[in-house]
Amino acid sequence: MSQPQNAISPRRDEDFPEWYQQVVKAADLAENSDVRGCMVIKPWGYGIWEAMQRGLDGLFKATGHKNAYFPLFIPLSYMAKEAEHVEGFAKECAVVTHHRLKSDGKGGLMPDPESQLTEPLIVRPTSETIIGATYAKWVQSYRDLPILINQWANVVRWEMRPRVFLRTAEFLWQEGHTAHETSAEAIGETEQMLGVYAKFAREWLALPVFTGEKSAGERFPGAVNTLCIEAMVQDRKAIQAGTSHFLGQNFAKASGIQFVSRENKQEHAWTTSWGVSTRLIGTVIMAHGDDDGVILPPRVAPSQIVIVPVAPKPDTRDAVFAACEALAAKLRAQSYGGEAIRVELDKRDLGGGQKSWEWIKRGVPVRVEIGPRDLEKGTLAVARRDRGHKEKSFPTSEEFIAGIAATLQEIHDALLARATALRDAHTVKLETKEDFIAFFTPKNKDKAEIHGGFALAHWDESAETEAEIKEALKVTIRCIPFDSPVEDGQCVWSGRPSRRRVLFAKSY
RNA sequence: CGGGGUGUAGCUUAGCUUGGUAGAGCGCCUGGUUUGGGACCAGGAGGUCGUAGGUUCAAAUCCUAUCGCCCCGACCA
């Protein structure tokens, strides 16, 4: 009874990073494991990932891609084939050096020195090299191209500062790897897949994103060009939600992907790679969550509707449960977003308030309560997660079922509108260095506070300026937006001439 | 890898300065009353105090070593 007003403490405006961790815990999404930097994804969190996988996989298939699977281990020498790639990943690779254990004589185990591998294996941080080596064997002729393959996999990057879903040593993702006959075709593929990601962000995750290309300094190691989608979360920082790389012929040359062209000449293929990860779950939490926990966009909610029976007395319990089962069955026969509606019936013997709060914290889009009084009146008590937790409507069962798909779409639209409003309110055009510095400097130095946002400002295209800004303000160029028009201006930092605005922000 | 901090029950922690049988809250289990917005009462289980050594009649407490974790840096497609 002496509970605070909000389910999550601290609130977002008090301490956003701590709020995030508390939400992950309260929503039962994931927890830190005994393995450093590695998380356990719990059923509710994994359910979100499964829904994301279904959505993305459908979009990949619709654009002509097929799934395959490549090895977790990569021979050390493969990594060395592409110089920039080595530079980018060498410092965070897990390395396998032995294949057998033996007793250490003290009750423990140790790698058997006799079993040392002649060539160490690294655990994949990304699979360009192993897939490139494989494609080299598959491709002989221009007739073997394009290769359009995706894999769902886990990867390992030994990060120094892990954070659940946002940056973990091991994470789940998909990586698409394609090989093409021409540069233009590969560039088209890179752009197409970025478009798929932007569509997915908007239509599944209710996230508006900026699309654009990375500056040279922020590019994927080994890429000719890196395209990205950037989302704003509620502390106004940017998060890279997906990337699509045009790799030119760099990896084809490193891996020997060669083919005989239509002109009967030996040529190297043009390759791309593109990926999104479980980081998307963290992005959704931070973009849509409130001080009561997660708010899930309906299309990625493991359960879209939860029915909570209110059955205090044994004599009405059977009737209430029967009504709940009947409603659940009818709802499951409905569909939303091309899938059967997902309904959970919470029959646990717990207080109604406790159950309701659990589902609020987990972010279920729609909650339905059915009790003896509803049976008498033929109505339901319905609450939406995008509205206040006390706000309920009381439709009849028929009305509710008939309108459920529209209701879920309304919730999606409301989340998208809210996220768009937040992003637009904190995306500003800046002209002067003073304004730029002020925008990215918290008012109160002693206490962390939410500040800044996205700044569209002119940049002189020099790596020096980019580095200076990063050093001074921890602000980076998130992308050069596709829709940024060519216009004359002066670099917000150096004052030198500039041709277009780029997107600056602090990032995760 | 540098600087600082910290390890006591599933979780949060008190006790450590000044050595003397390990305490609480939450959670969990049982029974009862409850359940329409985070319940209450009664009872119960659960700890070789991170690990190894040392000092001492006696160590959670003092000393040494070691391991883990957290924060700040560095690093981070």
# chains A, B, ... in the order shown; residues from 1 in each chain; ligands from 1
$ interface_residues --of "chain A" --to "chain B" --cutoff "7 Å" --atoms "only C-alpha atoms (C1' of nucleotides)" --output "list in words"
Gln3, Glu159, Met160, Arg219, Phe220, Pro221, Val310, Pro312, Leu350, Gly351, Gly352, Gly353, Gln354 and Trp357 of chain A
$ residues_around --residues "Val475 in chain A" --least-positions-apart "6" --cutoff "8 Å" --atoms "only C-alpha atoms (C1' of nucleotides)" --output "PDB file with C-alpha atoms, in the first residue's frame"
ATOM      1  CA  PHE A 440      26.104  19.427 -25.683  1.00  0.00           C
ATOM      2  CA  ILE A 469      34.807  17.516 -31.416  1.00  0.00           C
ATOM      3  CA  PHE A 504      25.994  15.167 -34.496  1.00  0.00           C
ATOM      4  CA  ALA A 505      25.101  13.508 -31.176  1.00  0.00           C
ATOM      5  CA  LYS A 506      26.395  11.713 -28.135  1.00  0.00           C
ATOM      6  CA  SER A 507      25.931   8.011 -28.636  1.00  0.00           C
TER       7      SER A 507
END
$ select_by_dssp --residues "range 24-90 of chain A" --states "helix (DSSP H, G or I)" --output "PyMOL selection string"
chain A and resi 24-26+43-62+76-79+83-90
$ closest_residue --among "B:G25, B:G32, B:G47, B:G73" --to "C11 in chain B" --atoms "only C-alpha atoms (C1' of nucleotides)"
B:G25
$ select_by_dssp --residues "range 158-257 of chain A" --states "strand (DSSP E)" --output "number ranges by chain"
A: 170-180, 210-213, 225-232, 238-246
$ write_last_selection --atoms "C-alpha atoms" --output "PDB file, in the first residue's frame"
ATOM      1  CA  GLU A 170      28.487 -12.163 -26.665  1.00  0.00           C
ATOM      2  CA  PHE A 171      25.382 -11.076 -28.507  1.00  0.00           C
ATOM      3  CA  LEU A 172      22.859 -12.387 -30.994  1.00  0.00           C
ATOM      4  CA  TRP A 173      22.451 -10.858 -34.415  1.00  0.00           C
ATOM      5  CA  GLN A 174      21.926 -11.486 -38.056  1.00  0.00           C
ATOM      6  CA  GLU A 175      24.607 -10.780 -40.626  1.00  0.00           C
ATOM      7  CA  GLY A 176      23.841 -10.653 -44.293  1.00  0.00           C
ATOM      8  CA  HIS A 177      26.738 -11.255 -46.686  1.00  0.00           C
ATOM      9  CA  THR A 178      26.292 -10.779 -50.379  1.00  0.00           C
ATOM     10  CA  ALA A 179      28.584 -10.881 -53.408  1.00  0.00           C
ATOM     11  CA  HIS A 180      27.858  -9.191 -56.720  1.00  0.00           C
ATOM     12  CA  PHE A 210      17.751   8.937 -39.489  1.00  0.00           C
ATOM     13  CA  THR A 211      19.276   7.176 -42.460  1.00  0.00           C
ATOM     14  CA  GLY A 212      22.604   8.161 -43.879  1.00  0.00           C
ATOM     15  CA  GLU A 213      26.218   7.243 -44.347  1.00  0.00           C
ATOM     16  CA  ASN A 225      31.115   2.953 -47.218  1.00  0.00           C
ATOM     17  CA  THR A 226      28.953   2.288 -44.164  1.00  0.00           C
ATOM     18  CA  LEU A 227      25.267   3.186 -44.140  1.00  0.00           C
ATOM     19  CA  CYS A 228      23.326   3.272 -40.897  1.00  0.00           C
ATOM     20  CA  ILE A 229      20.054   3.947 -39.180  1.00  0.00           C
ATOM     21  CA  GLU A 230      20.312   6.115 -36.078  1.00  0.00           C
ATOM     22  CA  ALA A 231      17.562   6.313 -33.473  1.00  0.00           C
ATOM     23  CA  MET A 232      17.137   8.757 -30.606  1.00  0.00           C
ATOM     24  CA  ALA A 238      21.840   8.390 -30.473  1.00  0.00           C
ATOM     25  CA  ILE A 239      21.966   4.667 -30.898  1.00  0.00           C
ATOM     26  CA  GLN A 240      23.154   2.932 -34.022  1.00  0.00           C
ATOM     27  CA  ALA A 241      20.305   0.541 -34.637  1.00  0.00           C
ATOM     28  CA  GLY A 242      21.544  -1.090 -37.830  1.00  0.00           C
ATOM     29  CA  THR A 243      24.314  -0.901 -40.393  1.00  0.00           C
ATOM     30  CA  SER A 244      24.756  -1.846 -44.022  1.00  0.00           C
ATOM     31  CA  HIS A 245      28.247  -1.872 -45.528  1.00  0.00           C
ATOM     32  CA  PHE A 246      29.443  -1.580 -49.090  1.00  0.00           C
TER      33      PHE A 246
END
$ residues_around --residues "C71 in chain B" --least-positions-apart "3" --cutoff "12 Å" --atoms "only C-alpha atoms (C1' of nucleotides)" --output "list in words"
Arg161 of chain A; G3, G4, G5 and U6 of chain B
$ write_last_selection --atoms "C-alpha atoms (C1' of nucleotides)" --output "compact mmCIF listing (two decimals), in the first residue's frame"
# COMPACT_ATOMS: atom_id res chain seq x y z
CA ARG A 161 32.33 -1.92 -20.62
C1' G B 3 43.49 5.30 -10.53
C1' G B 4 39.77 4.46 -6.69
C1' G B 5 36.30 1.26 -4.20
C1' U B 6 34.10 -3.33 -2.68
$ residues_around --residues "Val382 in chain A" --least-positions-apart "2" --cutoff "7 Å" --atoms "only C-alpha atoms (C1' of nucleotides)" --output "PyMOL selection string"
chain A and resi 367-369+380+384+392-394
$ closest_residue --among "A:Ile307, A:Ala329, A:Val40, A:Ala254" --to "Ala80 in chain A" --atoms "only C-alpha atoms"
A:Ala254
$ residues_around --residues "Ala301 in chain A" --least-positions-apart "4" --cutoff "9 Å" --atoms "only C-alpha atoms (C1' of nucleotides)" --output "ChimeraX atom specification"
/A:44,47-48,51,296-297,305,342,363-365
$ atom_distance --atom1 "CA of Ala463 in chain A" --atom2 "CA of Val276 in chain A"
26.8 Å
$ closest_residue --among "B:G31, B:G46, B:G23, B:G53" --to "G10 in chain B" --atoms "only C-alpha atoms (C1' of nucleotides)"
B:G46
$ residues_around --residues "A22 in chain B" --least-positions-apart "4" --cutoff "9 Å" --atoms "only C-alpha atoms (C1' of nucleotides)" --output "PyMOL selection string"
chain B and resi 8+15+47+49+60
$ write_last_selection --atoms "all heavy atoms" --output "tab-separated table (two decimals), in the first residue's frame"
chain	number	residue	atom	x	y	z
B	8	U	P	29.08	-10.19	-0.34
B	8	U	OP1	28.50	-11.30	-1.12
B	8	U	OP2	28.45	-8.86	-0.35
B	8	U	O5'	29.20	-10.64	1.17
B	8	U	C5'	29.67	-11.94	1.50
B	8	U	C4'	29.17	-12.35	2.85
B	8	U	O4'	29.58	-11.36	3.84
B	8	U	C3'	27.66	-12.40	3.01
B	8	U	O3'	27.11	-13.60	2.49
B	8	U	C2'	27.51	-12.29	4.51
B	8	U	O2'	27.88	-13.50	5.14
B	8	U	C1'	28.57	-11.23	4.83
B	8	U	N1	28.04	-9.86	4.79
B	8	U	C2	27.28	-9.45	5.88
B	8	U	O2	27.02	-10.18	6.83
B	8	U	N3	26.81	-8.17	5.80
B	8	U	C4	27.03	-7.27	4.78
B	8	U	O4	26.56	-6.15	4.86
B	8	U	C5	27.83	-7.77	3.70
B	8	U	C6	28.30	-9.02	3.75
B	15	G	P	27.83	-0.93	10.18
B	15	G	OP1	27.99	0.31	10.99
B	15	G	OP2	28.55	-1.08	8.91
B	15	G	O5'	28.19	-2.17	11.11
B	15	G	C5'	27.88	-2.16	12.50
B	15	G	C4'	28.23	-3.49	13.11
B	15	G	O4'	27.61	-4.54	12.34
B	15	G	C3'	29.71	-3.85	13.10
B	15	G	O3'	30.37	-3.31	14.23
B	15	G	C2'	29.69	-5.37	13.14
B	15	G	O2'	29.55	-5.86	14.46
B	15	G	C1'	28.42	-5.71	12.35
B	15	G	N9	28.73	-6.08	10.97
B	15	G	C8	28.82	-5.26	9.87
B	15	G	N7	29.13	-5.91	8.79
B	15	G	C5	29.27	-7.23	9.19
B	15	G	C6	29.60	-8.39	8.44
B	15	G	O6	29.86	-8.48	7.25
B	15	G	N1	29.61	-9.52	9.25
B	15	G	C2	29.34	-9.54	10.59
B	15	G	N2	29.42	-10.73	11.19
B	15	G	N3	29.04	-8.46	11.30
B	15	G	C4	29.01	-7.36	10.53
B	47	G	P	22.75	-22.80	5.06
B	47	G	OP1	23.58	-23.70	4.28
B	47	G	OP2	22.30	-23.15	6.43
B	47	G	O5'	23.46	-21.40	5.17
B	47	G	C5'	23.84	-20.66	3.98
B	47	G	C4'	24.85	-19.62	4.33
B	47	G	O4'	24.23	-18.66	5.22
B	47	G	C3'	26.06	-20.13	5.10
B	47	G	O3'	27.08	-20.50	4.19
B	47	G	C2'	26.50	-18.94	5.95
B	47	G	O2'	27.54	-18.22	5.34
B	47	G	C1'	25.26	-18.05	5.97
B	47	G	N9	24.73	-17.70	7.28
B	47	G	C8	24.51	-18.49	8.37
B	47	G	N7	24.00	-17.84	9.39
B	47	G	C5	23.88	-16.53	8.93
B	47	G	C6	23.40	-15.36	9.57
B	47	G	O6	22.95	-15.24	10.70
B	47	G	N1	23.46	-14.24	8.73
B	47	G	C2	23.94	-14.26	7.43
B	47	G	N2	23.92	-13.11	6.77
B	47	G	N3	24.38	-15.36	6.82
B	47	G	C4	24.33	-16.43	7.63
B	49	C	P	33.28	-18.17	6.93
B	49	C	OP1	34.24	-18.76	6.00
B	49	C	OP2	33.69	-17.81	8.28
B	49	C	O5'	32.67	-16.86	6.25
B	49	C	C5'	32.07	-16.87	4.97
B	49	C	C4'	31.66	-15.46	4.63
B	49	C	O4'	30.76	-14.99	5.66
B	49	C	C3'	32.83	-14.47	4.59
B	49	C	O3'	32.54	-13.49	3.62
B	49	C	C2'	32.83	-13.87	5.98
B	49	C	O2'	33.36	-12.56	6.02
B	49	C	C1'	31.32	-13.84	6.28
B	49	C	N1	31.01	-13.91	7.72
B	49	C	C2	30.52	-12.77	8.36
B	49	C	O2	30.37	-11.73	7.70
B	49	C	N3	30.24	-12.83	9.68
B	49	C	C4	30.42	-13.95	10.36
B	49	C	N4	30.12	-13.96	11.64
B	49	C	C5	30.93	-15.13	9.73
B	49	C	C6	31.21	-15.07	8.43
B	60	A	P	35.44	-15.50	12.14
B	60	A	OP1	34.73	-15.27	13.40
B	60	A	OP2	35.56	-16.87	11.59
B	60	A	O5'	34.76	-14.60	11.01
B	60	A	C5'	35.26	-14.62	9.67
B	60	A	C4'	34.99	-13.31	9.00
B	60	A	O4'	33.64	-12.90	9.31
B	60	A	C3'	35.87	-12.15	9.46
B	60	A	O3'	37.07	-12.10	8.76
B	60	A	C2'	34.99	-10.94	9.17
B	60	A	O2'	35.06	-10.59	7.80
B	60	A	C1'	33.59	-11.49	9.46
B	60	A	N9	33.12	-11.19	10.82
B	60	A	C8	32.90	-12.05	11.86
B	60	A	N7	32.47	-11.47	12.95
B	60	A	C5	32.40	-10.13	12.59
B	60	A	C6	32.03	-8.99	13.31
B	60	A	N6	31.62	-9.02	14.58
B	60	A	N1	32.08	-7.80	12.67
B	60	A	C2	32.49	-7.77	11.40
B	60	A	N3	32.86	-8.79	10.62
B	60	A	C4	32.80	-9.95	11.29
$ residues_around --residues "G54 in chain B" --least-positions-apart "3" --cutoff "12 Å" --atoms "only C-alpha atoms (C1' of nucleotides)" --output "ChimeraX atom specification"
/B:59,62-65
$ decode --residues "range 58-70 of chain B" --atoms "N, CA, C and O atoms (P, O5', C5', C4', C3', O3' and C1' of nucleotides)" --output "JSON list (two decimals), in the first residue's frame"
[["chain", "number", "residue", "atom", "x", "y", "z"],
["B", 58, "A", "P", 44.22, -19.62, 19.18],
["B", 58, "A", "O5'", 42.79, -18.93, 19.14],
["B", 58, "A", "C5'", 41.60, -19.73, 19.17],
["B", 58, "A", "C4'", 40.38, -18.84, 19.26],
["B", 58, "A", "C3'", 40.24, -17.82, 18.13],
["B", 58, "A", "O3'", 39.64, -18.40, 17.00],
["B", 58, "A", "C1'", 39.87, -16.76, 20.22],
["B", 59, "A", "P", 40.05, -17.90, 15.53],
["B", 59, "A", "O5'", 39.53, -16.40, 15.45],
["B", 59, "A", "C5'", 38.14, -16.09, 15.60],
["B", 59, "A", "C4'", 37.74, -15.08, 14.56],
["B", 59, "A", "C3'", 37.86, -15.56, 13.11],
["B", 59, "A", "O3'", 36.89, -14.89, 12.32],
["B", 59, "A", "C1'", 39.31, -13.75, 13.45],
["B", 60, "A", "P", 35.44, -15.50, 12.14],
["B", 60, "A", "O5'", 34.76, -14.60, 11.01],
["B", 60, "A", "C5'", 35.26, -14.62, 9.67],
["B", 60, "A", "C4'", 34.99, -13.31, 9.00],
["B", 60, "A", "C3'", 35.87, -12.15, 9.46],
["B", 60, "A", "O3'", 37.07, -12.10, 8.76],
["B", 60, "A", "C1'", 33.59, -11.49, 9.46],
["B", 61, "U", "P", 38.39, -11.63, 9.42],
["B", 61, "U", "O5'", 38.07, -10.22, 10.06],
["B", 61, "U", "C5'", 37.78, -9.08, 9.24],
["B", 61, "U", "C4'", 37.47, -7.90, 10.13],
["B", 61, "U", "C3'", 38.64, -7.44, 10.99],
["B", 61, "U", "O3'", 38.67, -6.03, 11.07],
["B", 61, "U", "C1'", 36.80, -8.05, 12.36],
["B", 62, "C", "P", 39.67, -5.28, 10.10],
["B", 62, "C", "O5'", 41.08, -5.68, 10.71],
["B", 62, "C", "C5'", 41.69, -4.88, 11.71],
["B", 62, "C", "C4'", 43.08, -5.39, 12.00],
["B", 62, "C", "C3'", 43.90, -5.81, 10.79],
["B", 62, "C", "O3'", 44.51, -4.70, 10.16],
["B", 62, "C", "C1'", 44.06, -7.48, 12.45],
["B", 63, "C", "P", 44.78, -4.76, 8.58],
["B", 63, "C", "O5'", 46.02, -5.75, 8.50],
["B", 63, "C", "C5'", 47.29, -5.38, 9.03],
["B", 63, "C", "C4'", 48.31, -6.46, 8.74],
["B", 63, "C", "C3'", 48.40, -6.88, 7.27],
["B", 63, "C", "O3'", 49.22, -6.00, 6.53],
["B", 63, "C", "C1'", 48.27, -8.80, 8.62],
["B", 64, "U", "P", 48.93, -5.78, 4.97],
["B", 64, "U", "O5'", 49.43, -7.15, 4.33],
["B", 64, "U", "C5'", 50.80, -7.50, 4.36],
["B", 64, "U", "C4'", 51.01, -8.86, 3.74],
["B", 64, "U", "C3'", 50.41, -9.06, 2.36],
["B", 64, "U", "O3'", 51.21, -8.51, 1.33],
["B", 64, "U", "C1'", 49.90, -10.93, 3.71],
["B", 65, "A", "P", 50.52, -8.01, -0.05],
["B", 65, "A", "O5'", 50.13, -9.39, -0.77],
["B", 65, "A", "C5'", 51.16, -10.26, -1.24],
["B", 65, "A", "C4'", 50.58, -11.61, -1.58],
["B", 65, "A", "C3'", 49.55, -11.61, -2.71],
["B", 65, "A", "O3'", 50.16, -11.59, -3.98],
["B", 65, "A", "C1'", 48.77, -12.93, -0.90],
["B", 66, "U", "P", 49.39, -10.88, -5.21],
["B", 66, "U", "O5'", 48.18, -11.87, -5.47],
["B", 66, "U", "C5'", 48.41, -13.20, -5.95],
["B", 66, "U", "C4'", 47.14, -14.00, -5.88],
["B", 66, "U", "C3'", 45.96, -13.43, -6.66],
["B", 66, "U", "O3'", 46.02, -13.74, -8.04],
["B", 66, "U", "C1'", 45.23, -14.05, -4.51],
["B", 67, "C", "P", 45.38, -12.73, -9.10],
["B", 67, "C", "O5'", 43.85, -13.12, -9.07],
["B", 67, "C", "C5'", 43.43, -14.44, -9.42],
["B", 67, "C", "C4'", 41.98, -14.66, -9.02],
["B", 67, "C", "C3'", 40.98, -13.64, -9.55],
["B", 67, "C", "O3'", 40.60, -13.89, -10.88],
["B", 67, "C", "C1'", 40.58, -13.99, -7.26],
["B", 68, "G", "P", 40.13, -12.64, -11.80],
["B", 68, "G", "O5'", 38.69, -12.30, -11.24],
["B", 68, "G", "C5'", 37.63, -13.25, -11.36],
["B", 68, "G", "C4'", 36.43, -12.82, -10.56],
["B", 68, "G", "C3'", 35.83, -11.47, -10.94],
["B", 68, "G", "O3'", 35.03, -11.56, -12.09],
["B", 68, "G", "C1'", 35.96, -11.65, -8.59],
["B", 69, "C", "P", 34.94, -10.30, -13.07],
["B", 69, "C", "O5'", 34.02, -9.28, -12.27],
["B", 69, "C", "C5'", 32.66, -9.62, -11.98],
["B", 69, "C", "C4'", 32.11, -8.68, -10.94],
["B", 69, "C", "C3'", 32.13, -7.21, -11.31],
["B", 69, "C", "O3'", 31.03, -6.85, -12.13],
["B", 69, "C", "C1'", 32.97, -7.47, -9.12],
["B", 70, "C", "P", 31.18, -5.64, -13.15],
["B", 70, "C", "O5'", 31.08, -4.38, -12.19],
["B", 70, "C", "C5'", 29.87, -4.09, -11.49],
["B", 70, "C", "C4'", 30.05, -2.89, -10.60],
["B", 70, "C", "C3'", 30.59, -1.64, -11.30],
["B", 70, "C", "O3'", 29.58, -0.93, -11.97],
["B", 70, "C", "C1'", 31.79, -2.00, -9.30]]
